[in-house]
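With mmCIF, C-alpha atoms and all ligand atoms inside, this is upload.cif:
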data_start
#
loop_
_atom_site.label_atom_id
_atom_site.label_comp_id
_atom_site.auth_asym_id
_atom_site.auth_seq_id
_atom_site.Cartn_x
_atom_site.Cartn_y
_atom_site.Cartn_z
CA MET D 37 75.08 145.24 78.05
CA ALA D 38 77.84 146.26 80.47
CA TYR D 39 76.62 145.53 83.97
CA LYS D 40 77.70 147.52 87.02
CA VAL D 41 77.69 144.30 89.02
CA ARG D 42 78.44 141.18 87.03
CA PHE D 43 77.40 137.70 88.06
CA VAL D 44 81.01 136.51 87.89
CA GLU D 45 84.20 138.42 87.11
CA PRO D 46 86.61 136.13 85.24
CA ASN D 47 88.68 139.09 84.04
CA VAL D 48 89.23 140.41 87.58
CA HIS D 49 89.98 136.87 88.73
CA TYR D 50 92.64 136.57 86.01
CA GLN D 51 94.18 139.97 86.78
CA ARG D 52 94.61 138.96 90.43
CA MET D 53 96.14 135.61 89.49
CA LYS D 54 98.01 136.84 86.40
CA ALA D 55 101.59 136.35 87.58
CA GLU D 56 100.93 132.82 88.82
CA ILE D 57 98.79 131.73 85.86
CA ASP D 58 101.09 133.21 83.21
CA GLY D 59 104.16 131.74 84.93
CA THR D 60 102.55 128.29 85.06
CA ILE D 61 101.45 128.36 81.43
CA GLN D 62 104.91 129.42 80.29
CA ASP D 63 106.54 126.74 82.41
CA VAL D 64 104.29 123.96 81.06
CA LEU D 65 104.52 125.10 77.43
CA GLY D 66 108.28 125.57 77.77
CA ARG D 67 108.59 121.96 78.91
CA GLY D 68 106.27 120.81 76.12
CA ASP D 69 104.24 118.84 78.67
CA LEU D 70 100.79 118.78 77.11
CA ILE D 71 99.29 115.33 77.61
CA TYR D 72 99.43 112.97 80.58
CA ARG D 73 102.43 114.54 82.35
CA LYS D 74 103.51 115.19 85.91
CA ASP D 75 101.25 118.23 86.42
CA LEU D 76 98.19 116.03 85.94
CA LYS D 77 99.42 113.46 88.47
CA GLN D 78 100.36 116.18 90.94
CA PHE D 79 96.99 117.93 90.71
CA GLU D 80 95.15 114.62 91.04
CA GLN D 81 97.08 113.82 94.22
CA ASN D 82 96.54 117.29 95.70
CA LEU D 83 92.83 117.26 94.88
CA ALA D 84 92.43 113.76 96.35
CA ASP D 85 94.21 114.98 99.53
CA PHE D 86 91.92 118.01 99.70
CA VAL D 87 88.76 115.90 99.41
CA GLY D 88 90.15 113.13 101.59
CA THR D 89 90.04 110.21 99.15
CA ARG D 90 92.82 107.87 98.03
CA TYR D 91 92.45 108.61 94.32
CA ALA D 92 91.38 111.33 91.93
CA VAL D 93 91.16 110.90 88.16
CA GLY D 94 91.23 114.07 86.03
CA LEU D 95 88.76 114.45 83.16
CA ASN D 96 87.67 117.12 80.73
CA SER D 97 84.26 117.77 82.37
CA GLY D 98 81.96 117.12 85.28
CA PHE D 99 79.61 115.36 82.90
CA HIS D 100 82.26 112.78 82.08
CA ALA D 101 83.01 112.34 85.79
CA LEU D 102 79.38 111.24 86.22
CA HIS D 103 79.22 109.27 82.98
CA LEU D 104 82.43 107.29 83.53
CA SER D 105 81.53 106.70 87.20
CA LEU D 106 78.28 105.04 86.16
CA ILE D 107 80.00 102.94 83.49
CA ALA D 108 82.79 101.89 85.87
CA ALA D 109 80.18 100.95 88.50
CA GLY D 110 78.51 98.65 85.97
CA ILE D 111 75.25 100.58 85.72
CA GLY D 112 73.34 100.11 82.47
CA PRO D 113 70.11 99.05 80.79
CA GLY D 114 67.43 97.78 83.17
CA ASP D 115 68.85 99.68 86.15
CA GLU D 116 67.10 102.58 87.86
CA VAL D 117 69.13 105.45 89.29
CA ILE D 118 67.48 107.85 91.73
CA VAL D 119 68.42 111.50 91.16
CA PRO D 120 66.92 114.81 92.30
CA ALA D 121 64.59 116.52 89.82
CA HIS D 122 66.16 119.89 90.57
CA THR D 123 69.64 119.56 89.12
CA PHE D 124 71.68 120.45 86.07
CA VAL D 125 70.72 118.38 83.03
CA ALA D 126 74.14 116.66 82.97
CA SER D 127 73.31 114.60 86.09
CA VAL D 128 70.33 113.06 84.32
CA SER D 129 71.99 112.85 80.89
CA ALA D 130 74.81 110.75 82.35
CA ILE D 131 72.22 108.23 83.58
CA VAL D 132 70.30 108.19 80.29
CA LEU D 133 73.48 107.82 78.24
CA VAL D 134 74.55 104.63 80.02
CA GLY D 135 71.15 103.19 79.13
CA ALA D 136 69.77 103.29 82.69
CA THR D 137 66.50 104.89 83.79
CA PRO D 138 66.65 108.11 85.81
CA VAL D 139 64.04 108.23 88.58
CA LEU D 140 63.51 111.88 89.40
CA VAL D 141 62.53 112.74 92.99
CA ASP D 142 61.62 116.09 94.47
CA VAL D 143 63.81 118.32 96.62
CA THR D 144 63.17 120.16 99.89
CA GLU D 145 63.55 123.85 100.69
CA ASP D 146 67.35 123.65 100.83
CA TYR D 147 67.24 122.57 97.13
CA ASN D 148 68.63 119.11 97.89
CA MET D 149 67.03 115.71 97.47
CA ASP D 150 64.03 114.95 99.69
CA MET D 151 65.21 111.90 101.63
CA ASP D 152 61.64 110.64 102.25
CA ALA D 153 60.95 110.83 98.50
CA MET D 154 64.25 109.10 97.79
CA GLU D 155 63.38 106.20 100.10
CA ARG D 156 59.89 105.90 98.59
CA ALA D 157 61.41 105.72 95.09
CA ILE D 158 63.53 102.63 95.81
CA THR D 159 62.33 99.56 93.86
CA PRO D 160 63.90 96.15 93.16
CA LYS D 161 65.37 97.71 90.00
CA THR D 162 67.16 100.53 91.82
CA LYS D 163 70.88 100.04 91.38
CA ALA D 164 72.24 103.43 92.38
CA VAL D 165 71.43 106.80 93.86
CA MET D 166 72.99 110.05 92.71
CA PRO D 167 72.77 112.76 95.38
CA VAL D 168 73.47 116.22 93.95
CA HIS D 169 74.98 118.65 96.46
CA LEU D 170 73.42 121.74 94.97
CA ASN D 171 74.62 125.34 95.31
CA GLY D 172 77.47 124.32 97.63
CA ARG D 173 75.46 122.47 100.27
CA ILE D 174 75.75 118.73 100.91
CA CYS D 175 72.68 116.47 101.12
CA ASP D 176 71.86 114.66 104.35
CA MET D 177 74.50 112.03 103.64
CA GLU D 178 73.93 110.18 106.92
CA ARG D 179 70.43 109.29 105.88
CA LEU D 180 71.36 108.69 102.26
CA MET D 181 74.27 106.38 103.05
CA ALA D 182 72.14 104.44 105.54
CA ALA D 183 69.42 103.89 102.91
CA ALA D 184 72.06 102.92 100.33
CA ALA D 185 73.62 100.38 102.72
CA LYS D 186 70.22 98.93 103.60
CA HIS D 187 69.20 98.45 99.95
CA ASN D 188 72.66 97.69 98.58
CA LEU D 189 72.75 100.73 96.30
CA ILE D 190 75.79 102.30 94.66
CA VAL D 191 76.25 105.98 95.52
CA VAL D 192 77.66 108.31 92.85
CA GLU D 193 77.86 111.82 94.30
CA ASP D 194 77.32 114.73 91.95
CA ALA D 195 79.54 117.14 93.86
CA ALA D 196 80.02 119.46 90.86
CA GLN D 197 78.82 122.42 92.93
CA ALA D 198 80.24 121.44 96.31
CA LEU D 199 84.05 121.27 96.34
CA GLY D 200 85.02 122.08 99.93
CA ALA D 201 81.53 121.71 101.44
CA THR D 202 81.34 119.36 104.42
CA PHE D 203 78.74 117.34 106.31
CA LYS D 204 79.77 116.45 109.87
CA GLY D 205 83.31 117.43 108.93
CA LYS D 206 83.49 115.10 105.91
CA MET D 207 84.00 116.54 102.45
CA ALA D 208 81.60 116.32 99.54
CA GLY D 209 82.87 113.67 97.15
CA SER D 210 84.26 111.42 99.91
CA PHE D 211 81.06 109.55 100.87
CA GLY D 212 80.05 107.56 97.81
CA LEU D 213 81.75 105.07 95.53
CA THR D 214 82.77 108.14 93.56
CA GLY D 215 82.55 111.91 93.89
CA CYS D 216 82.17 113.88 90.66
CA PHE D 217 83.41 117.45 90.36
CA SER D 218 83.25 120.10 87.66
CA PHE D 219 85.88 122.77 87.09
CA TYR D 220 83.73 124.71 84.66
CA PRO D 221 85.23 128.24 84.78
CA PHE D 222 82.58 129.63 87.16
CA LYS D 223 82.73 126.82 89.68
CA VAL D 224 84.50 127.52 93.01
CA LEU D 225 87.61 126.02 91.41
CA GLY D 226 87.48 126.95 87.75
CA ALA D 227 89.71 125.86 84.88
CA LEU D 228 90.49 127.96 81.81
CA GLY D 229 87.73 126.05 80.02
CA ASP D 230 85.73 123.05 81.16
CA ALA D 231 87.32 120.26 83.21
CA GLY D 232 86.32 117.75 85.90
CA ILE D 233 87.53 114.98 88.19
CA VAL D 234 86.37 111.80 89.90
CA THR D 235 87.39 111.10 93.49
CA THR D 236 87.26 107.60 94.97
CA ASP D 237 88.79 105.28 97.56
CA ASP D 238 88.32 102.30 95.26
CA GLU D 239 91.47 101.36 93.37
CA GLU D 240 89.67 99.26 90.78
CA ILE D 241 87.22 102.05 89.95
CA ALA D 242 90.06 104.60 89.73
CA THR D 243 91.97 102.34 87.34
CA LYS D 244 88.91 101.69 85.21
CA ILE D 245 88.07 105.39 84.89
CA ALA D 246 91.71 106.24 84.13
CA ARG D 247 91.56 103.76 81.23
CA LEU D 248 88.09 104.75 80.04
CA ARG D 249 89.17 108.39 79.74
CA TYR D 250 91.96 107.44 77.35
CA ASN D 251 90.45 105.08 74.78
CA GLY D 252 90.50 102.16 77.19
CA GLU D 253 94.30 102.09 77.28
CA ASP D 254 96.55 101.15 80.17
CA ARG D 255 99.29 103.77 79.77
CA GLU D 256 101.90 101.57 81.43
CA THR D 257 101.46 98.52 79.19
CA GLY D 258 99.80 99.96 76.08
CA GLU D 259 97.04 97.35 76.38
CA TYR D 260 93.53 98.45 75.34
CA HIS D 261 91.21 96.91 77.91
CA TYR D 262 87.92 98.10 76.48
CA HIS D 263 86.47 100.60 74.04
CA GLY D 264 86.78 103.90 75.80
CA PHE D 265 86.46 107.63 75.42
CA SER D 266 88.75 110.57 74.89
CA CYS D 267 88.13 112.83 77.86
CA LEU D 268 91.41 113.25 79.67
CA LEU D 269 92.13 116.36 81.75
CA ASP D 270 94.75 118.32 79.78
CA ASN D 271 98.09 118.74 81.51
CA LEU D 272 98.00 122.52 81.09
CA HIS D 273 94.58 122.75 82.76
CA ALA D 274 95.78 120.50 85.56
CA ALA D 275 98.81 122.72 86.17
CA VAL D 276 96.68 125.86 86.40
CA LEU D 277 94.08 124.12 88.58
CA ASP D 278 96.84 122.99 90.92
CA VAL D 279 97.97 126.59 91.41
CA LYS D 280 94.40 127.72 92.01
CA LEU D 281 93.71 124.88 94.46
CA ARG D 282 96.17 126.51 96.90
CA HIS D 283 93.94 129.60 96.99
CA LEU D 284 90.67 127.70 97.28
CA PRO D 285 90.34 127.78 101.10
CA GLN D 286 90.59 131.61 101.07
CA TRP D 287 88.13 131.88 98.19
CA LEU D 288 85.62 129.69 100.01
CA MET D 289 85.97 131.87 103.11
CA ARG D 290 85.27 134.95 101.01
CA ARG D 291 82.16 133.30 99.53
CA ARG D 292 80.88 132.63 103.05
CA GLU D 293 81.62 136.25 103.98
CA VAL D 294 79.66 137.50 100.95
CA ALA D 295 76.77 135.19 101.91
CA GLU D 296 76.78 136.73 105.41
CA LEU D 297 76.69 140.24 103.92
CA TYR D 298 73.65 139.25 101.85
CA ARG D 299 72.06 137.67 104.92
CA ASP D 300 72.61 140.81 107.04
CA GLY D 301 71.23 143.05 104.30
CA LEU D 302 68.26 140.98 103.16
CA SER D 303 66.97 138.88 106.02
CA ASP D 304 64.09 141.23 106.88
CA VAL D 305 63.06 142.06 103.31
CA GLY D 306 59.51 141.34 102.09
CA ASP D 307 58.77 137.79 101.08
CA LEU D 308 62.39 136.91 100.24
CA ARG D 309 63.67 133.49 101.27
CA LEU D 310 67.43 133.31 101.71
CA PRO D 311 69.69 130.23 101.42
CA HIS D 312 70.61 129.93 105.09
CA PHE D 313 69.35 126.65 106.46
CA ALA D 314 69.32 125.02 109.86
CA GLY D 315 71.77 122.32 110.83
CA ASP D 316 75.18 122.59 112.52
CA ALA D 317 76.30 119.50 110.60
CA TYR D 318 76.55 121.45 107.36
CA HIS D 319 79.35 123.70 106.16
CA ASP D 320 78.08 125.37 102.96
CA ILE D 321 80.41 126.96 100.43
CA TYR D 322 77.89 128.99 98.35
CA GLN D 323 78.68 127.96 94.82
CA ASN D 324 75.48 129.91 94.15
CA TYR D 325 73.59 132.37 96.37
CA VAL D 326 69.98 131.54 95.49
CA ILE D 327 67.12 133.67 96.76
CA ARG D 328 63.46 132.86 96.32
CA THR D 329 60.28 134.93 95.86
CA PRO D 330 56.99 134.54 93.94
CA GLN D 331 57.81 137.99 92.46
CA ARG D 332 60.99 136.61 90.89
CA ASP D 333 60.44 137.81 87.31
CA ALA D 334 59.69 141.40 88.37
CA LEU D 335 62.67 141.39 90.74
CA VAL D 336 64.99 140.10 88.00
CA SER D 337 63.80 142.90 85.66
CA HIS D 338 64.36 145.50 88.39
CA LEU D 339 67.89 144.21 89.02
CA LYS D 340 68.64 144.25 85.29
CA GLU D 341 67.32 147.80 84.90
CA ASN D 342 69.69 148.77 87.70
CA SER D 343 72.63 147.03 86.06
CA VAL D 344 72.87 143.94 88.28
CA GLU D 345 73.46 140.67 86.43
CA THR D 346 71.68 137.60 87.78
CA LEU D 347 71.12 134.02 86.62
CA ILE D 348 68.25 131.60 87.05
CA HIS D 349 69.14 127.99 87.89
CA TRP D 350 66.86 126.83 86.17
CA PRO D 351 63.83 128.54 84.63
CA LYS D 352 61.91 125.40 83.70
CA PRO D 353 61.89 121.81 84.94
CA MET D 354 63.98 119.42 82.91
CA TRP D 355 61.02 117.32 81.75
CA GLU D 356 59.49 120.36 80.01
CA HIS D 357 62.38 120.21 77.53
CA LYS D 358 60.59 117.77 75.26
CA GLY D 359 63.76 116.74 73.43
CA LEU D 360 65.03 115.07 76.60
CA GLY D 361 62.20 112.54 76.47
CA LEU D 362 61.71 112.44 80.24
CA GLU D 363 58.44 111.42 81.88
CA THR D 364 56.77 114.08 84.01
CA PRO D 365 57.36 113.23 87.66
CA GLN D 366 55.38 114.48 90.66
CA CYS D 367 57.78 117.17 91.86
CA PRO D 368 55.81 120.26 92.96
CA GLU D 369 58.68 121.77 94.92
CA THR D 370 60.99 121.63 91.89
CA GLU D 371 58.29 123.28 89.76
CA ALA D 372 57.84 126.08 92.31
CA ILE D 373 61.61 126.55 92.57
CA CYS D 374 61.87 127.02 88.80
CA ARG D 375 59.27 129.82 89.03
CA GLU D 376 60.69 131.51 92.11
CA VAL D 377 64.49 131.37 92.31
CA VAL D 378 67.21 133.73 91.17
CA SER D 379 70.94 133.54 91.87
CA LEU D 380 72.66 136.77 92.96
CA PRO D 381 76.23 137.76 92.01
CA MET D 382 78.51 135.49 94.04
CA ASN D 383 82.24 135.14 93.55
CA PRO D 384 85.37 135.82 95.62
CA GLU D 385 86.18 138.90 93.53
CA ILE D 386 83.01 140.86 94.29
CA SER D 387 83.64 143.96 96.43
CA ASP D 388 81.72 144.77 99.62
CA GLU D 389 80.50 147.93 97.83
CA ASN D 390 78.99 145.92 95.00
CA VAL D 391 77.32 143.52 97.45
CA ALA D 392 75.88 146.59 99.23
CA TYR D 393 74.64 147.91 95.88
CA VAL D 394 72.86 144.62 95.09
CA ILE D 395 71.26 144.64 98.55
CA GLU D 396 70.17 148.27 98.17
CA THR D 397 68.69 147.58 94.72
CA ILE D 398 66.66 144.67 96.09
CA ARG D 399 65.49 146.75 99.07
CA GLN D 400 64.34 149.49 96.66
CA PHE D 401 62.26 146.89 94.77
CA TYR D 402 60.44 146.01 97.96
CA ALA D 403 60.16 149.59 99.28
C1 LIG D 501 75.15 119.83 89.43
C2 LIG D 501 76.01 119.70 88.21
N1 LIG D 501 76.25 118.48 87.71
C3 LIG D 501 77.04 118.31 86.65
C4 LIG D 501 77.63 119.37 86.02
C5 LIG D 501 78.44 119.11 84.77
O1 LIG D 501 79.72 119.65 84.80
P1 LIG D 501 80.43 120.12 83.43
O2 LIG D 501 79.75 121.35 82.99
O3 LIG D 501 81.84 120.34 83.84
O4 LIG D 501 80.29 119.00 82.46
C6 LIG D 501 77.44 120.65 86.51
C7 LIG D 501 78.10 121.81 85.88
O5 LIG D 501 77.55 122.79 85.53
C8 LIG D 501 76.59 120.83 87.63
O6 LIG D 501 76.34 122.04 88.13
#
Re-express the file's structure as structure tokens.
Ligand SMILES: Cc1ncc(COP(=O)(O)O)c(C=O)c1O
Amino acid sequence: MAYKVRFVEPNVHYQRMKAEIDGTIQDVLGRGDLIYRKDLKQFEQNLADFVGTRYAVGLNSGFHALHLSLIAAGIGPGDEVIVPAHTFVASVSAIVLVGATPVLVDVTEDYNMDMDAMERAITPKTKAVMPVHLNGRICDMERLMAAAAKHNLIVVEDAAQALGATFKGKMAGSFGLTGCFSFYPFKVLGALGDAGIVTTDDEEIATKIARLRYNGEDRETGEYHYHGFSCLLDNLHAAVLDVKLRHLPQWLMRRREVAELYRDGLSDVGDLRLPHFAGDAYHDIYQNYVIRTPQRDALVSHLKENSVETLIHWPKPMWEHKGLGLETPQCPETEAICREVVSLPMNPEISDENVAYVIETIRQFYA
């Protein structure tokens, strides 16, 4: 179905960037620089500078950023890792696939980890905590880092949805041992396919992840230090991401503008709950604009009938996917969120007119 308002507009995005993207692709292909070349190094440096860490290591996905972070940090069988129940499956899969036990804790109304629940979940087996900065908003990292310091826990930040978000002026991905980002095409910084990166201040961890991504090899010496993986960020992707990174600050501003338009148009509407939360410490970048209502399913149908594309992140709790083999935790807020949330079209390309149309369509539903 052709929607009047699409959730994201990758074709419009490309048309606006066409000259720069095409020029970059031609330049890289013309040089024949496909694997492990200067564009990768340059993007890693620029991304590390943006986040404010010493190192960044480019990978082919956000999942591998999490997975290799956990391996490099020495997390494995017998270890518990605390993670919010309301997150993308990849956060939890990364923990399971290193042989550790994910301990799922509930979230609060801003969709981020409940810090009381996180502290209650700490046991002698807890080795790490994985805060997930969901929808472009950072967790309360002051409280999380204090708890981690007190209990000697490793912090691996899942910042896949939060590039450019800050807490007390500090960027997502610069608090923990590592920060893990995704450049899935519809993230705030999107590649031409999937891609990801790890940020860190720790030289040893950066070196280890750089080897793990390339079969365990040290590229300088040719020595294989361990059995590794094959999940390097392609040079061509890195070159395109580097071009896009220059535009990111403007795109994030536009996302915040769109969020304000939604806020102005929807703040007095029925039982809707909007994603604007208290706290001057937070600078949110609206990876997703998530609204919440017990009438979610009817509202989604109404929007679809009126040609507005929406997405639900996520329609059922992870543990209800039986194939994942997860125990059912006590997470009533996550369960309610799965029943009640819907994400509205949010991207830098959306026009003010289309935002107004989405608002009007929602107001009609409630009228
Ligand atoms: C919160 C979160 N964690 C991890 C990931 C995994 O990233 P990728 O899809 O690049 O593997 C994503 C991406 O969708 C995500 O949203």
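Counting all atoms listed in the file, the residue from D:Leu65, D:Ala101, D:His319, D:Ala295 that sits nearest to Pro381 (chain D) is D:Ala295.
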Discussion item. When you look at Leu199 (chain D) with a cut-off of 9 Å (counting only C-alpha atoms), what residues show up, excluding the ones that are within fewer than 2 positions of it in the same chain? I need them as an MDAnalysis selection string.
Written reply: chainID D and resid 87 172 195:197 201:202 207:209 217:218 223:225 321 323
Give me the residues of chain D that have any atom at most 7 Å from an atom of ligand LIG 501 (chain D); for each, the nearest atom pair and the distance in Å, rounded to one decimal. Use only C-alpha atoms and all ligand atoms, sort by chain and number, and format it as a Markdown table.
| residue | atom | partner | partner_atom | distance |
| --- | --- | --- | --- | --- |
| D:Ser97 | CA | D:LIG501 | O3 | 3.8 |
| D:Gly98 | CA | D:LIG501 | O1 | 3.4 |
| D:Phe99 | CA | D:LIG501 | O4 | 3.7 |
| D:His100 | CA | D:LIG501 | O4 | 6.5 |
| D:Thr123 | CA | D:LIG501 | C1 | 5.5 |
| D:Phe124 | CA | D:LIG501 | C1 | 4.9 |
| D:Ala126 | CA | D:LIG501 | C3 | 5.0 |
| D:Ser127 | CA | D:LIG501 | N1 | 5.1 |
| D:Val168 | CA | D:LIG501 | C1 | 6.0 |
| D:Leu170 | CA | D:LIG501 | C1 | 6.1 |
| D:Asp194 | CA | D:LIG501 | N1 | 5.8 |
| D:Ala195 | CA | D:LIG501 | C1 | 6.8 |
| D:Ala196 | CA | D:LIG501 | C2 | 4.8 |
| D:Gln197 | CA | D:LIG501 | O6 | 5.4 |
| D:Ser218 | CA | D:LIG501 | O3 | 4.1 |
| D:Phe219 | CA | D:LIG501 | O3 | 5.7 |
| D:Tyr220 | CA | D:LIG501 | O3 | 4.8 |
| D:Asp230 | CA | D:LIG501 | O3 | 5.4 |
| D:Ala231 | CA | D:LIG501 | O3 | 5.5 |
| D:Gly232 | CA | D:LIG501 | O3 | 5.6 |
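Near Met354 (chain D), within 10 Å and counting all atoms listed in the file, sit Ala121, His122, Thr123, Phe124, Val125, Val128, Leu140, Trp350, Pro351, Lys352, Glu356, His357, Lys358, Gly359, Leu360, Gly361, Leu362, Glu363, Thr364, Thr370, Glu371 and Cys374 of chain D; same-chain residues fewer than 2 positions away were not included.
Minimum atom-to-atom distance to Pro311 (chain D), evaluated using all atoms listed in the file, belongs to D:Asp146 out of D:Glu239, D:Asp146, D:Asp270, D:Asp85.
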Worksheet entry | Shell of 12 Å around Ile190 (chain D), only C-alpha atoms, local chain residues under 3 positions omitted, as a VMD selection string | chain D and resid 105 to 111 115 to 118 162 to 167 180 to 187 193 211 to 215
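Between Tyr402 (chain D) and the candidates D:Arg328, D:Arg173, D:His338, D:Arg375, the tightest atom-to-atom separation, counting all atoms listed in the file, involves D:His338.
Put simply, CA of Thr137 (chain D) is 21.7 Å away from CA of Glu369 (chain D).
Non-sequential neighbours of region 154-160 of chain D (distance at most 8 Å, separation of 3 or more positions within a chain, all atoms listed in the file) are Ile118, Val139, Val141, Met149, Asp150, Met151 and Ala183 of chain D.
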Give, as AutoDock Vina command-line options, the centre coordinates and the x, y and z edge lengths in Å to one decimal for an axis-aligned box around all listed atoms of region 222-230 of chain D, padded by 6 Å on each side.
--center_x 86.5 --center_y 126.3 --center_z 86.5 --size_x 19.9 --size_y 18.6 --size_z 25.0
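When all atoms listed in the file are used to compute distances to Ile327 (chain D), the closest of the residues D:Trp355, D:Phe79, D:Tyr298, D:Tyr260 turns out to be D:Tyr298.
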Can you fill out region 157-171 of chain D with N, CA and C atoms and hand it back as a JSON list (two decimals), in the coordinates of the input?
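Okay, this is what ended up in out31.json:
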[["chain", "number", "residue", "atom", "x", "y", "z"],
["D", 157, "ALA", "N", 61.16, 106.03, 96.52],
["D", 157, "ALA", "CA", 61.41, 105.72, 95.09],
["D", 157, "ALA", "C", 62.21, 104.44, 94.88],
["D", 158, "ILE", "N", 62.71, 103.85, 95.97],
["D", 158, "ILE", "CA", 63.53, 102.63, 95.81],
["D", 158, "ILE", "C", 62.64, 101.44, 95.41],
["D", 159, "THR", "N", 63.05, 100.76, 94.33],
["D", 159, "THR", "CA", 62.33, 99.56, 93.86],
["D", 159, "THR", "C", 63.37, 98.44, 93.71],
["D", 160, "PRO", "N", 62.92, 97.23, 93.38],
["D", 160, "PRO", "CA", 63.90, 96.15, 93.16],
["D", 160, "PRO", "C", 64.87, 96.45, 92.01],
["D", 161, "LYS", "N", 64.49, 97.39, 91.13],
["D", 161, "LYS", "CA", 65.37, 97.71, 90.00],
["D", 161, "LYS", "C", 66.39, 98.80, 90.33],
["D", 162, "THR", "N", 66.24, 99.42, 91.48],
["D", 162, "THR", "CA", 67.16, 100.53, 91.82],
["D", 162, "THR", "C", 68.57, 99.98, 92.03],
["D", 163, "LYS", "N", 69.50, 100.53, 91.25],
["D", 163, "LYS", "CA", 70.88, 100.04, 91.38],
["D", 163, "LYS", "C", 71.76, 101.11, 92.04],
["D", 164, "ALA", "N", 71.37, 102.36, 91.87],
["D", 164, "ALA", "CA", 72.24, 103.43, 92.38],
["D", 164, "ALA", "C", 71.41, 104.65, 92.75],
["D", 165, "VAL", "N", 72.03, 105.50, 93.55],
["D", 165, "VAL", "CA", 71.43, 106.80, 93.86],
["D", 165, "VAL", "C", 72.50, 107.86, 93.63],
["D", 166, "MET", "N", 72.06, 108.96, 93.01],
["D", 166, "MET", "CA", 72.99, 110.05, 92.71],
["D", 166, "MET", "C", 72.56, 111.30, 93.47],
["D", 167, "PRO", "N", 73.07, 111.50, 94.69],
["D", 167, "PRO", "CA", 72.77, 112.76, 95.38],
["D", 167, "PRO", "C", 73.48, 113.90, 94.66],
["D", 168, "VAL", "N", 72.83, 115.03, 94.55],
["D", 168, "VAL", "CA", 73.47, 116.22, 93.95],
["D", 168, "VAL", "C", 73.57, 117.27, 95.05],
["D", 169, "HIS", "N", 74.78, 117.66, 95.39],
["D", 169, "HIS", "CA", 74.98, 118.65, 96.46],
["D", 169, "HIS", "C", 74.88, 120.03, 95.84],
["D", 170, "LEU", "N", 73.65, 120.56, 95.81],
["D", 170, "LEU", "CA", 73.42, 121.74, 94.97],
["D", 170, "LEU", "C", 73.82, 123.05, 95.66],
["D", 171, "ASN", "N", 74.32, 123.97, 94.87],
["D", 171, "ASN", "CA", 74.62, 125.34, 95.31],
["D", 171, "ASN", "C", 75.71, 125.41, 96.39]]
